[in-house]
Amino acid sequence: MRIPGLRWLTIGWGVYTAVWISLEGDLRRVVLLAVWTMLVALGHWARRWQKRPFSVMGWVGKTAVFGILLGAGSALLTLFFMALKTGLHAHGPEFTAAEINWVMRQIPLWTVVGALAGSGFGLLSYKNSAGLWD
């Protein structure tokens, strides 16, 4: 199954990741990397789905789960990348305690927003879900 733009999204992610490693820590850049990583990972995972028709509830349920994974996974990956960046540069903390706490407080919000966005995407795209990824 083919997902339009996934190859370019993956190449862009690789380039951004290589650049991100060399830069100083910045919360916006690490959040971008985490969200981008989750989009690429979920895109490659979705590509493995077998082509078959879904019921409305099945399609919306699957897109809602992807939204939850995107939201929660992005927040958790942000924390991981913050720790990784601090360990790589080894010159003291790259991020403040306030930034780390802010990301931790966002996990429930990003999870709910991901579920709602995924459900909305599923409802809007159901009619074309059989051929969505052609």
# chains A, B, ... in the order shown; residues from 1 in each chain; ligands from 1

call {"tool": "residues_around", "arguments": {"residues": "range 65-81 of chain A", "least_positions_apart": "3", "cutoff": "10 Å", "atoms": "only C-alpha atoms", "output": "count of residues only"}}
result
51

call {"tool": "atom_distance", "arguments": {"atom1": "CA of Phe54 in chain A", "atom2": "CA of Tyr126 in chain A"}}
result
8.5 Å

call {"tool": "select_by_dssp", "arguments": {"residues": "range 2-126 of chain A", "states": "helix (DSSP H, G or I)", "output": "VMD selection string"}}
result
chain A and resid 6 to 22 27 to 47 56 to 89 97 to 126

call {"tool": "atom_distance", "arguments": {"atom1": "CA of Val40 in chain A", "atom2": "CA of Trp8 in chain A"}}
result
9.9 Å

call {"tool": "closest_residue", "arguments": {"among": "A:Arg47, A:Ala64, A:Thr96, A:Trp102", "to": "Pro4 in chain A", "atoms": "only C-alpha atoms"}}
result
A:Arg47

call {"tool": "decode", "arguments": {"residues": "range 4-133 of chain A", "atoms": "C-alpha atoms", "output": "tab-separated table (two decimals), in the first residue's frame"}}
result
chain	number	residue	atom	x	y	z
A	4	PRO	CA	1.38	9.76	-0.65
A	5	GLY	CA	4.37	11.79	0.50
A	6	LEU	CA	5.64	9.25	3.03
A	7	ARG	CA	8.98	8.85	1.28
A	8	TRP	CA	9.62	12.62	1.29
A	9	LEU	CA	8.40	12.90	4.88
A	10	THR	CA	10.90	10.20	5.85
A	11	ILE	CA	13.79	11.81	3.94
A	12	GLY	CA	13.00	15.20	5.47
A	13	TRP	CA	12.88	13.62	8.92
A	14	GLY	CA	16.33	12.09	8.41
A	15	VAL	CA	17.82	15.41	7.33
A	16	TYR	CA	16.15	17.30	10.20
A	17	THR	CA	17.31	14.70	12.73
A	18	ALA	CA	20.92	15.03	11.57
A	19	VAL	CA	20.74	18.82	11.88
A	20	TRP	CA	18.86	18.67	15.21
A	21	ILE	CA	21.62	16.65	16.87
A	22	SER	CA	24.16	19.42	16.31
A	23	LEU	CA	21.95	22.30	17.52
A	24	GLU	CA	21.56	23.50	21.09
A	25	GLY	CA	18.42	22.42	22.92
A	26	ASP	CA	15.22	24.28	22.04
A	27	LEU	CA	11.79	23.09	23.13
A	28	ARG	CA	10.12	23.93	19.80
A	29	ARG	CA	12.69	21.98	17.80
A	30	VAL	CA	12.49	18.92	20.04
A	31	VAL	CA	8.67	18.91	19.89
A	32	LEU	CA	8.87	19.18	16.09
A	33	LEU	CA	11.28	16.24	15.98
A	34	ALA	CA	9.04	14.12	18.23
A	35	VAL	CA	5.86	14.82	16.25
A	36	TRP	CA	7.68	14.27	12.96
A	37	THR	CA	9.13	10.99	14.26
A	38	MET	CA	5.69	9.77	15.27
A	39	LEU	CA	4.18	10.76	11.91
A	40	VAL	CA	6.87	8.86	10.02
A	41	ALA	CA	6.61	5.82	12.30
A	42	LEU	CA	2.81	5.71	12.13
A	43	GLY	CA	2.92	6.24	8.36
A	44	HIS	CA	5.20	3.26	7.89
A	45	TRP	CA	3.06	1.21	10.27
A	46	ALA	CA	-0.15	2.13	8.43
A	47	ARG	CA	1.49	1.19	5.13
A	48	ARG	CA	1.60	-2.41	6.33
A	49	TRP	CA	-2.19	-2.64	6.72
A	50	GLN	CA	-3.82	-5.07	4.38
A	51	LYS	CA	-6.23	-3.52	1.94
A	52	ARG	CA	-9.72	-4.39	3.00
A	53	PRO	CA	-12.90	-2.44	3.54
A	54	PHE	CA	-13.57	-1.10	7.02
A	55	SER	CA	-16.88	-0.42	8.68
A	56	VAL	CA	-17.46	3.17	9.77
A	57	MET	CA	-16.73	2.29	13.39
A	58	GLY	CA	-13.70	0.22	12.42
A	59	TRP	CA	-12.22	3.03	10.33
A	60	VAL	CA	-12.94	5.77	12.89
A	61	GLY	CA	-11.62	3.50	15.65
A	62	LYS	CA	-8.37	2.90	13.79
A	63	THR	CA	-7.85	6.58	13.04
A	64	ALA	CA	-8.66	7.45	16.66
A	65	VAL	CA	-6.03	4.98	17.87
A	66	PHE	CA	-3.51	6.50	15.47
A	67	GLY	CA	-4.40	9.93	16.86
A	68	ILE	CA	-3.92	8.73	20.43
A	69	LEU	CA	-0.57	7.20	19.50
A	70	LEU	CA	0.46	10.41	17.75
A	71	GLY	CA	-0.51	12.62	20.69
A	72	ALA	CA	0.79	10.53	23.57
A	73	GLY	CA	3.77	9.23	21.62
A	74	SER	CA	4.83	12.73	20.63
A	75	ALA	CA	4.83	13.90	24.25
A	76	LEU	CA	6.74	10.85	25.46
A	77	LEU	CA	9.24	11.08	22.60
A	78	THR	CA	9.72	14.77	23.40
A	79	LEU	CA	10.81	13.80	26.90
A	80	PHE	CA	13.07	11.07	25.51
A	81	PHE	CA	14.68	13.43	22.99
A	82	MET	CA	15.17	16.06	25.70
A	83	ALA	CA	17.10	13.53	27.78
A	84	LEU	CA	19.01	12.30	24.73
A	85	LYS	CA	20.02	15.84	23.75
A	86	THR	CA	21.23	16.59	27.26
A	87	GLY	CA	23.26	13.36	27.30
A	88	LEU	CA	24.77	13.96	23.87
A	89	HIS	CA	26.00	17.46	24.60
A	90	ALA	CA	27.16	16.63	28.14
A	91	HIS	CA	27.65	20.24	29.22
A	92	GLY	CA	24.77	20.55	31.63
A	93	PRO	CA	21.02	20.55	31.14
A	94	GLU	CA	19.75	21.63	27.73
A	95	PHE	CA	16.24	22.15	29.06
A	96	THR	CA	14.91	23.77	32.22
A	97	ALA	CA	12.84	21.94	34.80
A	98	ALA	CA	9.91	24.18	33.82
A	99	GLU	CA	10.15	22.97	30.20
A	100	ILE	CA	10.29	19.33	31.26
A	101	ASN	CA	7.32	19.79	33.61
A	102	TRP	CA	5.38	21.58	30.87
A	103	VAL	CA	5.83	18.63	28.49
A	104	MET	CA	4.79	16.16	31.22
A	105	ARG	CA	1.63	18.19	31.87
A	106	GLN	CA	0.81	18.10	28.14
A	107	ILE	CA	0.61	14.30	27.88
A	108	PRO	CA	-3.12	14.02	28.77
A	109	LEU	CA	-4.04	17.01	26.60
A	110	TRP	CA	-2.08	15.82	23.56
A	111	THR	CA	-3.58	12.34	23.97
A	112	VAL	CA	-7.16	13.65	24.01
A	113	VAL	CA	-6.51	16.07	21.15
A	114	GLY	CA	-4.95	13.22	19.17
A	115	ALA	CA	-7.99	11.02	19.77
A	116	LEU	CA	-10.37	13.79	18.69
A	117	ALA	CA	-8.30	14.71	15.64
A	118	GLY	CA	-7.96	11.06	14.64
A	119	SER	CA	-11.70	10.50	15.05
A	120	GLY	CA	-12.45	13.63	13.04
A	121	PHE	CA	-10.08	12.53	10.29
A	122	GLY	CA	-11.75	9.12	10.28
A	123	LEU	CA	-15.22	10.61	9.97
A	124	LEU	CA	-14.17	12.97	7.19
A	125	SER	CA	-12.23	10.35	5.24
A	126	TYR	CA	-14.41	7.25	5.67
A	127	LYS	CA	-16.07	7.56	2.29
A	128	ASN	CA	-12.66	7.30	0.62
A	129	SER	CA	-11.04	4.91	3.12
A	130	ALA	CA	-11.07	1.99	0.72
A	131	GLY	CA	-8.90	3.94	-1.74
A	132	LEU	CA	-7.40	6.50	0.63
A	133	TRP	CA	-3.86	5.22	0.44
